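For reference, model24.cif is printed below; it contains mmCIF, N, CA and C atoms and all ligand atoms.
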```cif
data_target
loop_
_atom_site.label_atom_id
_atom_site.label_comp_id
_atom_site.auth_asym_id
_atom_site.auth_seq_id
_atom_site.Cartn_x
_atom_site.Cartn_y
_atom_site.Cartn_z
N THR D 190 169.33 103.99 190.86
CA THR D 190 168.42 105.13 190.88
C THR D 190 169.17 106.33 191.43
N LYS D 191 169.08 107.44 190.71
CA LYS D 191 169.78 108.66 191.13
C LYS D 191 168.89 109.54 191.99
N TYR D 192 169.49 110.27 192.90
CA TYR D 192 168.74 111.28 193.66
C TYR D 192 168.48 112.47 192.74
N SER D 193 169.48 112.86 192.01
CA SER D 193 169.36 113.89 190.97
C SER D 193 168.99 115.25 191.50
N CYS D 194 167.99 115.90 190.92
CA CYS D 194 167.73 117.31 191.25
C CYS D 194 167.13 117.50 192.64
N GLY D 195 166.46 116.49 193.16
CA GLY D 195 165.87 116.61 194.48
C GLY D 195 164.61 117.45 194.53
N LYS D 196 164.12 117.84 193.36
CA LYS D 196 162.93 118.68 193.31
C LYS D 196 161.84 118.11 192.40
N GLY D 197 162.06 116.90 191.90
CA GLY D 197 161.06 116.29 191.02
C GLY D 197 160.99 116.92 189.65
N LEU D 198 162.08 117.53 189.21
CA LEU D 198 162.04 118.27 187.95
C LEU D 198 162.71 117.55 186.78
N CYS D 199 163.70 116.70 187.05
CA CYS D 199 164.48 116.15 185.94
C CYS D 199 164.10 114.72 185.57
N GLY D 200 163.54 113.98 186.50
CA GLY D 200 163.07 112.63 186.20
C GLY D 200 164.09 111.52 186.28
N SER D 201 165.35 111.84 186.53
CA SER D 201 166.37 110.79 186.60
C SER D 201 166.15 109.83 187.75
N CYS D 202 165.40 110.24 188.74
CA CYS D 202 165.16 109.42 189.94
C CYS D 202 163.91 108.54 189.80
N THR D 203 163.33 108.48 188.63
CA THR D 203 162.04 107.80 188.47
C THR D 203 162.10 106.32 188.84
N VAL D 204 161.16 105.93 189.67
CA VAL D 204 160.95 104.52 190.06
C VAL D 204 159.46 104.25 189.89
N HIS D 205 159.07 103.02 190.11
CA HIS D 205 157.64 102.69 190.12
C HIS D 205 157.18 102.57 191.56
N PHE D 206 156.09 103.23 191.86
CA PHE D 206 155.46 103.11 193.17
C PHE D 206 154.06 102.56 192.94
N ASN D 207 153.84 101.37 193.44
CA ASN D 207 152.58 100.67 193.17
C ASN D 207 152.29 100.63 191.67
N GLY D 208 153.34 100.41 190.90
CA GLY D 208 153.21 100.23 189.46
C GLY D 208 153.20 101.49 188.63
N GLU D 209 153.23 102.65 189.25
CA GLU D 209 153.21 103.90 188.49
C GLU D 209 154.55 104.63 188.62
N ALA D 210 154.94 105.30 187.55
CA ALA D 210 156.18 106.07 187.57
C ALA D 210 156.02 107.27 188.49
N VAL D 211 156.97 107.40 189.41
CA VAL D 211 156.98 108.55 190.32
C VAL D 211 158.41 109.06 190.44
N ARG D 212 158.55 110.29 190.88
CA ARG D 212 159.87 110.87 191.11
C ARG D 212 160.26 110.56 192.57
N SER D 213 161.19 109.65 192.73
CA SER D 213 161.52 109.17 194.07
C SER D 213 162.13 110.27 194.94
N CYS D 214 162.74 111.27 194.34
CA CYS D 214 163.39 112.31 195.15
C CYS D 214 162.39 113.14 195.94
N VAL D 215 161.12 113.10 195.55
CA VAL D 215 160.12 113.87 196.28
C VAL D 215 159.07 112.96 196.92
N LEU D 216 159.32 111.65 196.88
CA LEU D 216 158.42 110.69 197.52
C LEU D 216 158.92 110.48 198.95
N THR D 217 158.16 110.92 199.90
CA THR D 217 158.61 110.80 201.30
C THR D 217 158.47 109.35 201.78
N MET D 218 159.24 109.02 202.78
CA MET D 218 159.16 107.69 203.38
C MET D 218 157.75 107.45 203.92
N GLU D 219 157.17 108.49 204.47
CA GLU D 219 155.82 108.37 205.02
C GLU D 219 154.82 108.02 203.91
N ALA D 220 154.93 108.71 202.78
CA ALA D 220 154.00 108.45 201.67
C ALA D 220 154.24 107.07 201.06
N ALA D 221 155.49 106.62 201.10
CA ALA D 221 155.83 105.32 200.50
C ALA D 221 155.53 104.15 201.42
N SER D 222 155.28 104.42 202.67
CA SER D 222 155.07 103.36 203.66
C SER D 222 153.95 102.42 203.23
N GLY D 223 154.27 101.14 203.19
CA GLY D 223 153.27 100.13 202.84
C GLY D 223 153.09 99.91 201.36
N GLY D 224 153.72 100.75 200.55
CA GLY D 224 153.59 100.61 199.10
C GLY D 224 154.72 99.77 198.53
N GLU D 225 154.58 99.44 197.25
CA GLU D 225 155.60 98.64 196.57
C GLU D 225 156.42 99.54 195.66
N VAL D 226 157.72 99.54 195.89
CA VAL D 226 158.63 100.36 195.09
C VAL D 226 159.48 99.43 194.23
N THR D 227 159.56 99.74 192.94
CA THR D 227 160.45 99.00 192.03
C THR D 227 161.44 99.99 191.45
N THR D 228 162.71 99.71 191.64
CA THR D 228 163.76 100.55 191.07
C THR D 228 164.24 99.93 189.76
N ILE D 229 165.14 100.61 189.08
CA ILE D 229 165.70 100.07 187.83
C ILE D 229 166.30 98.68 188.06
N GLU D 230 166.87 98.47 189.24
CA GLU D 230 167.48 97.17 189.53
C GLU D 230 166.43 96.06 189.59
N GLY D 231 165.21 96.43 189.92
CA GLY D 231 164.15 95.45 190.06
C GLY D 231 163.33 95.23 188.80
N LEU D 232 163.60 96.00 187.77
CA LEU D 232 162.81 95.86 186.54
C LEU D 232 162.98 94.47 185.95
N ASN D 233 164.21 94.06 185.78
CA ASN D 233 164.54 92.69 185.38
C ASN D 233 166.02 92.49 185.66
N ALA D 234 166.31 91.71 186.66
CA ALA D 234 167.69 91.54 187.12
C ALA D 234 168.60 90.95 186.06
N ASN D 235 168.02 90.24 185.10
CA ASN D 235 168.83 89.62 184.04
C ASN D 235 168.94 90.51 182.79
N GLY D 236 168.39 91.69 182.86
CA GLY D 236 168.45 92.59 181.71
C GLY D 236 167.62 92.11 180.53
N GLU D 237 166.56 91.37 180.84
CA GLU D 237 165.75 90.77 179.78
C GLU D 237 164.41 91.46 179.56
N HIS D 238 164.21 92.59 180.22
CA HIS D 238 162.98 93.35 179.93
C HIS D 238 163.10 93.87 178.50
N PRO D 239 162.00 93.88 177.74
CA PRO D 239 162.07 94.34 176.35
C PRO D 239 162.71 95.72 176.20
N LEU D 240 162.52 96.58 177.17
CA LEU D 240 163.14 97.90 177.09
C LEU D 240 164.65 97.81 177.28
N GLN D 241 165.10 96.97 178.19
CA GLN D 241 166.54 96.80 178.40
C GLN D 241 167.20 96.25 177.14
N ILE D 242 166.53 95.32 176.50
CA ILE D 242 167.07 94.73 175.26
C ILE D 242 167.09 95.79 174.14
N ALA D 243 166.00 96.54 174.03
CA ALA D 243 165.94 97.58 172.99
C ALA D 243 166.93 98.69 173.25
N TRP D 244 167.13 99.02 174.52
CA TRP D 244 168.10 100.06 174.88
C TRP D 244 169.50 99.66 174.40
N ALA D 245 169.83 98.39 174.60
CA ALA D 245 171.14 97.91 174.16
C ALA D 245 171.22 97.89 172.64
N GLU D 246 170.15 97.43 172.01
CA GLU D 246 170.14 97.34 170.54
C GLU D 246 170.35 98.71 169.90
N HIS D 247 169.74 99.74 170.48
CA HIS D 247 169.84 101.09 169.91
C HIS D 247 170.99 101.90 170.51
N VAL D 248 171.77 101.28 171.39
CA VAL D 248 172.89 101.96 172.06
C VAL D 248 172.42 103.33 172.57
N VAL D 249 171.38 103.31 173.37
CA VAL D 249 170.74 104.56 173.79
C VAL D 249 171.61 105.43 174.69
N PRO D 250 172.21 104.89 175.76
CA PRO D 250 172.89 105.79 176.71
C PRO D 250 174.12 106.48 176.12
N GLN D 251 174.33 107.69 176.60
CA GLN D 251 175.59 108.37 176.32
C GLN D 251 176.36 108.41 177.63
N CYS D 252 176.14 109.39 178.48
CA CYS D 252 176.82 109.35 179.79
C CYS D 252 176.12 108.37 180.73
N GLY D 253 174.82 108.15 180.50
CA GLY D 253 174.07 107.18 181.29
C GLY D 253 173.34 107.73 182.49
N TYR D 254 173.61 108.98 182.84
CA TYR D 254 173.07 109.52 184.08
C TYR D 254 171.55 109.43 184.17
N CYS D 255 170.86 109.79 183.13
CA CYS D 255 169.40 109.85 183.17
C CYS D 255 168.73 108.52 182.87
N GLN D 256 169.51 107.56 182.41
CA GLN D 256 168.92 106.36 181.80
C GLN D 256 168.06 105.50 182.72
N PRO D 257 168.39 105.33 184.02
CA PRO D 257 167.45 104.59 184.88
C PRO D 257 166.07 105.21 184.89
N GLY D 258 166.03 106.53 184.97
CA GLY D 258 164.74 107.22 184.96
C GLY D 258 164.04 107.09 183.63
N GLN D 259 164.82 107.16 182.55
CA GLN D 259 164.21 107.03 181.21
C GLN D 259 163.56 105.66 181.06
N ILE D 260 164.27 104.63 181.45
CA ILE D 260 163.74 103.27 181.28
C ILE D 260 162.52 103.04 182.18
N MET D 261 162.58 103.52 183.41
CA MET D 261 161.44 103.31 184.30
C MET D 261 160.22 104.09 183.83
N GLN D 262 160.43 105.28 183.31
CA GLN D 262 159.31 106.04 182.76
C GLN D 262 158.73 105.31 181.55
N ALA D 263 159.60 104.81 180.69
CA ALA D 263 159.15 104.08 179.50
C ALA D 263 158.42 102.79 179.88
N ALA D 264 158.91 102.10 180.91
CA ALA D 264 158.25 100.86 181.35
C ALA D 264 156.85 101.14 181.85
N SER D 265 156.70 102.25 182.53
CA SER D 265 155.36 102.64 183.01
C SER D 265 154.45 102.93 181.82
N LEU D 266 154.99 103.60 180.82
CA LEU D 266 154.20 103.89 179.61
C LEU D 266 153.74 102.59 178.95
N LEU D 267 154.67 101.67 178.74
CA LEU D 267 154.31 100.43 178.03
C LEU D 267 153.36 99.55 178.84
N ALA D 268 153.38 99.69 180.15
CA ALA D 268 152.45 98.92 180.98
C ALA D 268 151.01 99.34 180.75
N THR D 269 150.83 100.61 180.41
CA THR D 269 149.46 101.10 180.19
C THR D 269 149.15 101.31 178.71
N HIS D 270 150.20 101.47 177.90
CA HIS D 270 150.04 101.67 176.45
C HIS D 270 151.03 100.74 175.73
N PRO D 271 150.66 99.49 175.53
CA PRO D 271 151.60 98.52 174.94
C PRO D 271 152.06 98.86 173.52
N ASP D 272 151.28 99.66 172.82
CA ASP D 272 151.66 100.07 171.46
C ASP D 272 151.48 101.58 171.34
N PRO D 273 152.33 102.34 172.04
CA PRO D 273 152.12 103.79 172.10
C PRO D 273 152.39 104.49 170.77
N SER D 274 151.63 105.55 170.52
CA SER D 274 151.86 106.39 169.34
C SER D 274 153.09 107.26 169.61
N ASP D 275 153.57 107.90 168.56
CA ASP D 275 154.70 108.82 168.72
C ASP D 275 154.35 109.91 169.74
N GLU D 276 153.13 110.42 169.63
CA GLU D 276 152.70 111.49 170.53
C GLU D 276 152.61 110.99 171.97
N GLU D 277 152.12 109.78 172.16
CA GLU D 277 152.03 109.24 173.52
C GLU D 277 153.43 109.06 174.12
N ILE D 278 154.37 108.63 173.30
CA ILE D 278 155.76 108.49 173.78
C ILE D 278 156.31 109.85 174.17
N GLU D 279 156.13 110.83 173.29
CA GLU D 279 156.66 112.16 173.57
C GLU D 279 156.04 112.75 174.84
N ASN D 280 154.74 112.58 175.00
CA ASN D 280 154.07 113.11 176.19
C ASN D 280 154.55 112.41 177.46
N ALA D 281 154.64 111.09 177.40
CA ALA D 281 155.02 110.32 178.59
C ALA D 281 156.47 110.60 178.99
N MET D 282 157.33 110.80 178.00
CA MET D 282 158.75 110.92 178.28
C MET D 282 159.23 112.36 178.46
N SER D 283 158.35 113.32 178.25
CA SER D 283 158.79 114.72 178.22
C SER D 283 159.32 115.21 179.56
N GLY D 284 158.99 114.55 180.65
CA GLY D 284 159.44 115.02 181.96
C GLY D 284 160.76 114.43 182.42
N VAL D 285 161.36 113.60 181.58
CA VAL D 285 162.65 113.01 181.96
C VAL D 285 163.71 113.62 181.06
N ILE D 286 164.54 114.44 181.67
CA ILE D 286 165.51 115.23 180.91
C ILE D 286 166.80 114.46 180.66
N CYS D 287 167.28 114.54 179.44
CA CYS D 287 168.59 113.95 179.09
C CYS D 287 169.49 115.07 178.60
N ARG D 288 170.48 115.39 179.40
CA ARG D 288 171.38 116.49 179.02
C ARG D 288 172.28 116.10 177.86
N CYS D 289 172.37 114.81 177.56
CA CYS D 289 173.16 114.36 176.41
C CYS D 289 172.34 114.34 175.12
N GLY D 290 171.03 114.53 175.23
CA GLY D 290 170.21 114.60 174.03
C GLY D 290 169.98 113.27 173.34
N THR D 291 169.75 112.22 174.10
CA THR D 291 169.55 110.90 173.50
C THR D 291 168.09 110.64 173.15
N TYR D 292 167.31 111.66 173.05
CA TYR D 292 165.85 111.51 172.87
C TYR D 292 165.45 110.68 171.66
N GLN D 293 166.12 110.87 170.56
CA GLN D 293 165.74 110.11 169.35
C GLN D 293 165.98 108.61 169.54
N ARG D 294 167.08 108.26 170.17
CA ARG D 294 167.35 106.84 170.41
C ARG D 294 166.39 106.26 171.44
N ILE D 295 166.04 107.05 172.44
CA ILE D 295 165.05 106.61 173.43
C ILE D 295 163.73 106.30 172.72
N HIS D 296 163.32 107.21 171.87
CA HIS D 296 162.05 107.04 171.15
C HIS D 296 162.08 105.76 170.31
N LYS D 297 163.16 105.55 169.58
CA LYS D 297 163.28 104.35 168.75
C LYS D 297 163.28 103.09 169.60
N ALA D 298 163.96 103.13 170.74
CA ALA D 298 164.02 101.94 171.60
C ALA D 298 162.65 101.61 172.17
N ILE D 299 161.89 102.60 172.51
CA ILE D 299 160.53 102.36 173.02
C ILE D 299 159.69 101.71 171.92
N LYS D 300 159.79 102.22 170.70
CA LYS D 300 159.05 101.63 169.58
C LYS D 300 159.46 100.18 169.38
N THR D 301 160.75 99.91 169.44
CA THR D 301 161.24 98.53 169.28
C THR D 301 160.70 97.64 170.39
N ALA D 302 160.77 98.12 171.63
CA ALA D 302 160.30 97.32 172.76
C ALA D 302 158.80 97.05 172.65
N ALA D 303 158.09 97.97 172.05
CA ALA D 303 156.64 97.83 171.90
C ALA D 303 156.31 96.90 170.73
N GLY D 304 157.32 96.47 170.02
CA GLY D 304 157.08 95.57 168.90
C GLY D 304 156.98 96.26 167.57
N GLY D 305 157.20 97.55 167.56
CA GLY D 305 157.17 98.30 166.31
C GLY D 305 158.49 98.16 165.58
N THR D 306 158.67 98.93 164.56
CA THR D 306 159.91 98.87 163.80
C THR D 306 160.99 99.75 164.42
N SER D 307 161.35 100.79 163.81
CA SER D 307 162.42 101.70 164.21
C SER D 307 163.71 100.96 164.19
FE1 LIG D 401 173.64 111.60 179.63
FE2 LIG D 401 170.99 111.20 179.46
S1 LIG D 401 172.62 109.94 178.67
S2 LIG D 401 172.02 112.66 180.67
#
```

The structure in this file should be written as structure tokens.
Ligand code: FES
Amino acid sequence: TKYSCGKGLCGSCTVHFNGEAVRSCVLTMEAASGGEVTTIEGLNANGEHPLQIAWAEHVVPQCGYCQPGQIMQAASLLATHPDPSDEEIENAMSGVICRCGTYQRIHKAIKTAAGGTS
């Protein structure tokens, strides 16, 4: 998990807090106290989460910097929308910036992980 911008603007620091995607760089220790935090390392240690498999299949990362945040944001989306529409994917993922422009591969990988084609 990256610290990244430190202002909650880029999304690279995204983790799950009590099951929801949050920007960890602006989550204070006080606010997190007693809650459950899942980082990219905790998503699936064996790399067997459907998103991790789809990410590899679509060769999504370029430099890789944003990818922990991308996957954690996508995992949060699929937890609440197991078969998301294109619009739902775009809306959910719009706050996680990829300076390498891997957005199309991210979108395809989410569709694959959700059981769609792409
Ligand atoms: Fe380089 Fe997203 S893969 S910033």

Residue neighbourhood Gly224 (chain D), 6.5 Å, only N, CA and C atoms, exclusion window fewer than 4 positions, as a list in words: Phe206, Asn207 and Ala220 of chain D

At most 5 Å from ligand LIG 401 (chain D) (all atoms listed in the file): residue list as JSON, numbers by chain: {"D": [250, 251, 252, 253, 254, 255, 256, 287, 288, 289]}

Within 8 Å of His296 (chain D) using all atoms listed in the file, minus same-chain residues under 3 positions, as a PyMOL selection string: chain D and resi 275+278-279+291-293+299-302+307

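Atom to atom, atom C of Gly208 (chain D) and atom N of Arg294 (chain D) stand 24.1 Å apart.
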
Computed interatomic separation between CA of Lys191 (chain D) and atom N of Gly231 (chain D) (Å):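 One can read the CA of Lys191 (chain D) to atom N of Gly231 (chain D) distance as 13.1 Å.
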
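Residues within 8 Å of Ile260 (chain D), counting all atoms listed in the file and excluding same-chain residues fewer than 6 positions away, are Thr203, Ile229, Leu240, Gln241 and Leu266 of chain D.
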
Counting all atoms listed in the file, the residue of D:Val204, D:Ala243, D:Ala303, D:Ala234 that sits nearest Leu267 (chain D):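 Counting all atoms listed in the file, the residue closest to Leu267 (chain D) is D:Ala303.
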
Expected answer as a list in words: all residues with atoms within 8 Å of (158.3, 119.2, 194.1), only N, CA and C atoms: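 Every polymer residue passing the test: Gly195, Lys196, Gly197, Leu198, Cys214 and Val215 of chain D.
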
Gap from CA of Gly290 (chain D) to atom C of Ser213 (chain D) - Å, one decimal: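 About the pair CA of Gly290 (chain D) and atom C of Ser213 (chain D): they are 22.8 Å apart.
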
Selection near Ala281 (chain D), 7 Å with all atoms listed in the file, sequence-local residues under 5 positions removed, as an NGL selection string: :D and (262-263 or 266 or 276)

Hey, what does DSSP flag as strand (DSSP E or B) within region 208-306 of chain D? Can you give it to me as a tab-separated table (two decimals) with N, CA and C atoms, in the coordinates of the input?
```tsv
chain	number	residue	atom	x	y	z
D	209	GLU	N	153.23	102.65	189.25
D	209	GLU	CA	153.21	103.90	188.49
D	209	GLU	C	154.55	104.63	188.62
D	210	ALA	N	154.94	105.30	187.55
D	210	ALA	CA	156.18	106.07	187.57
D	210	ALA	C	156.02	107.27	188.49
D	211	VAL	N	156.97	107.40	189.41
D	211	VAL	CA	156.98	108.55	190.32
D	211	VAL	C	158.41	109.06	190.44
D	212	ARG	N	158.55	110.29	190.88
D	212	ARG	CA	159.87	110.87	191.11
D	212	ARG	C	160.26	110.56	192.57
D	226	VAL	N	157.72	99.54	195.89
D	226	VAL	CA	158.63	100.36	195.09
D	226	VAL	C	159.48	99.43	194.23
D	227	THR	N	159.56	99.74	192.94
D	227	THR	CA	160.45	99.00	192.03
D	227	THR	C	161.44	99.99	191.45
```

Please define a box with edges along x, y and z of the file around all atoms of region 193-197 of chain D given in the file, extend it by 4 Å on each side, and return its centre and edge lengths in Å to one decimal, as lines of an AutoDock Vina configuration file.
```
center_x = 165.2
center_y = 115.8
center_z = 192.1
size_x = 16.5
size_y = 13.8
size_z = 12.9
```

Secondary structure check, alpha helix (DSSP H) residues of region 267-296 of chain D, as a VMD selection string: chain D and resid 267 to 269 275 to 282 292 to 296

Include N, CA and C atoms and write out the residues we just selected as a PDB file, in the coordinates of the input.
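Generated file (again.pdb):
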```pdb
ATOM      1  N   LEU D 267     154.670 101.670 178.740  1.00  0.00           N
ATOM      2  CA  LEU D 267     154.310 100.430 178.030  1.00  0.00           C
ATOM      3  C   LEU D 267     153.360  99.550 178.840  1.00  0.00           C
ATOM      4  N   ALA D 268     153.380  99.690 180.150  1.00  0.00           N
ATOM      5  CA  ALA D 268     152.450  98.920 180.980  1.00  0.00           C
ATOM      6  C   ALA D 268     151.010  99.340 180.750  1.00  0.00           C
ATOM      7  N   THR D 269     150.830 100.610 180.410  1.00  0.00           N
ATOM      8  CA  THR D 269     149.460 101.100 180.190  1.00  0.00           C
ATOM      9  C   THR D 269     149.150 101.310 178.710  1.00  0.00           C
ATOM     10  N   ASP D 275     153.570 107.900 168.560  1.00  0.00           N
ATOM     11  CA  ASP D 275     154.700 108.820 168.720  1.00  0.00           C
ATOM     12  C   ASP D 275     154.350 109.910 169.740  1.00  0.00           C
ATOM     13  N   GLU D 276     153.130 110.420 169.630  1.00  0.00           N
ATOM     14  CA  GLU D 276     152.700 111.490 170.530  1.00  0.00           C
ATOM     15  C   GLU D 276     152.610 110.990 171.970  1.00  0.00           C
ATOM     16  N   GLU D 277     152.120 109.780 172.160  1.00  0.00           N
ATOM     17  CA  GLU D 277     152.030 109.240 173.520  1.00  0.00           C
ATOM     18  C   GLU D 277     153.430 109.060 174.120  1.00  0.00           C
ATOM     19  N   ILE D 278     154.370 108.630 173.300  1.00  0.00           N
ATOM     20  CA  ILE D 278     155.760 108.490 173.780  1.00  0.00           C
ATOM     21  C   ILE D 278     156.310 109.850 174.170  1.00  0.00           C
ATOM     22  N   GLU D 279     156.130 110.830 173.290  1.00  0.00           N
ATOM     23  CA  GLU D 279     156.660 112.160 173.570  1.00  0.00           C
ATOM     24  C   GLU D 279     156.040 112.750 174.840  1.00  0.00           C
ATOM     25  N   ASN D 280     154.740 112.580 175.000  1.00  0.00           N
ATOM     26  CA  ASN D 280     154.070 113.110 176.190  1.00  0.00           C
ATOM     27  C   ASN D 280     154.550 112.410 177.460  1.00  0.00           C
ATOM     28  N   ALA D 281     154.640 111.090 177.400  1.00  0.00           N
ATOM     29  CA  ALA D 281     155.020 110.320 178.590  1.00  0.00           C
ATOM     30  C   ALA D 281     156.470 110.600 178.990  1.00  0.00           C
ATOM     31  N   MET D 282     157.330 110.800 178.000  1.00  0.00           N
ATOM     32  CA  MET D 282     158.750 110.920 178.280  1.00  0.00           C
ATOM     33  C   MET D 282     159.230 112.360 178.460  1.00  0.00           C
ATOM     34  N   TYR D 292     167.310 111.660 173.050  1.00  0.00           N
ATOM     35  CA  TYR D 292     165.850 111.510 172.870  1.00  0.00           C
ATOM     36  C   TYR D 292     165.450 110.680 171.660  1.00  0.00           C
ATOM     37  N   GLN D 293     166.120 110.870 170.560  1.00  0.00           N
ATOM     38  CA  GLN D 293     165.740 110.110 169.350  1.00  0.00           C
ATOM     39  C   GLN D 293     165.980 108.610 169.540  1.00  0.00           C
ATOM     40  N   ARG D 294     167.080 108.260 170.170  1.00  0.00           N
ATOM     41  CA  ARG D 294     167.350 106.840 170.410  1.00  0.00           C
ATOM     42  C   ARG D 294     166.390 106.260 171.440  1.00  0.00           C
ATOM     43  N   ILE D 295     166.040 107.050 172.440  1.00  0.00           N
ATOM     44  CA  ILE D 295     165.050 106.610 173.430  1.00  0.00           C
ATOM     45  C   ILE D 295     163.730 106.300 172.720  1.00  0.00           C
ATOM     46  N   HIS D 296     163.320 107.210 171.870  1.00  0.00           N
ATOM     47  CA  HIS D 296     162.050 107.040 171.150  1.00  0.00           C
ATOM     48  C   HIS D 296     162.080 105.760 170.310  1.00  0.00           C
TER      49      HIS D 296
END
```

Selected residue, from D:Ser274, D:Thr190, D:Asn280, D:Ser201, that lies nearest to Glu230 (chain D) when counting only N, CA and C atoms: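 Looking only at the distances to Glu230 (chain D), the closest residue turns out to be D:Thr190.
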
Nearest to Val285 (chain D) by atom-to-atom distance, counting only C-alpha atoms, from D:Cys194, D:Ala268, D:Ala298, D:Leu232: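 The closest residue to Val285 (chain D) is D:Cys194.
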
Any chance you could build region 239-246 of chain D out to all heavy atoms and write it as a short mmCIF file (atom, residue, chain, number, x, y, z; two decimals), in the frame of the given file?
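What follows is the written file out26.cif:
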```cif
data_model
loop_
_atom_site.label_atom_id
_atom_site.label_comp_id
_atom_site.auth_asym_id
_atom_site.auth_seq_id
_atom_site.Cartn_x
_atom_site.Cartn_y
_atom_site.Cartn_z
N PRO D 239 162.00 93.88 177.74
CA PRO D 239 162.07 94.34 176.35
C PRO D 239 162.71 95.72 176.20
O PRO D 239 163.42 95.98 175.20
CB PRO D 239 160.60 94.37 175.91
CG PRO D 239 159.94 93.34 176.77
CD PRO D 239 160.66 93.38 178.09
N LEU D 240 162.52 96.58 177.17
CA LEU D 240 163.14 97.90 177.09
C LEU D 240 164.65 97.81 177.28
O LEU D 240 165.41 98.51 176.60
CB LEU D 240 162.55 98.85 178.13
CG LEU D 240 161.16 99.39 177.80
CD1 LEU D 240 160.53 100.02 179.03
CD2 LEU D 240 161.22 100.38 176.65
N GLN D 241 165.10 96.97 178.19
CA GLN D 241 166.54 96.80 178.40
C GLN D 241 167.20 96.25 177.14
O GLN D 241 168.29 96.68 176.75
CB GLN D 241 166.79 95.88 179.59
CG GLN D 241 166.37 96.49 180.92
CD GLN D 241 166.39 95.48 182.06
OE1 GLN D 241 165.92 94.36 181.91
NE2 GLN D 241 166.93 95.90 183.20
N ILE D 242 166.53 95.32 176.50
CA ILE D 242 167.07 94.73 175.26
C ILE D 242 167.09 95.79 174.14
O ILE D 242 168.09 95.95 173.43
CB ILE D 242 166.22 93.51 174.85
CG1 ILE D 242 166.39 92.39 175.89
CG2 ILE D 242 166.59 93.02 173.45
CD1 ILE D 242 165.42 91.25 175.76
N ALA D 243 166.00 96.54 174.03
CA ALA D 243 165.94 97.58 172.99
C ALA D 243 166.93 98.69 173.25
O ALA D 243 167.53 99.25 172.32
CB ALA D 243 164.51 98.13 172.91
N TRP D 244 167.13 99.02 174.52
CA TRP D 244 168.10 100.06 174.88
C TRP D 244 169.50 99.66 174.40
O TRP D 244 170.24 100.48 173.87
CB TRP D 244 168.11 100.29 176.39
CG TRP D 244 167.70 101.65 176.85
CD1 TRP D 244 168.49 102.57 177.48
CD2 TRP D 244 166.41 102.27 176.72
NE1 TRP D 244 167.77 103.71 177.76
CE2 TRP D 244 166.50 103.56 177.30
CE3 TRP D 244 165.18 101.87 176.17
CZ2 TRP D 244 165.42 104.44 177.35
CZ3 TRP D 244 164.11 102.75 176.23
CH2 TRP D 244 164.24 104.00 176.80
N ALA D 245 169.83 98.39 174.60
CA ALA D 245 171.14 97.91 174.16
C ALA D 245 171.22 97.89 172.64
O ALA D 245 172.23 98.29 172.05
CB ALA D 245 171.40 96.52 174.74
N GLU D 246 170.15 97.43 172.01
CA GLU D 246 170.14 97.34 170.54
C GLU D 246 170.35 98.71 169.90
O GLU D 246 171.07 98.84 168.91
CB GLU D 246 168.80 96.76 170.09
CG GLU D 246 168.65 96.64 168.57
CD GLU D 246 167.28 96.10 168.18
OE1 GLU D 246 166.66 95.34 168.97
OE2 GLU D 246 166.83 96.46 167.08
#
```
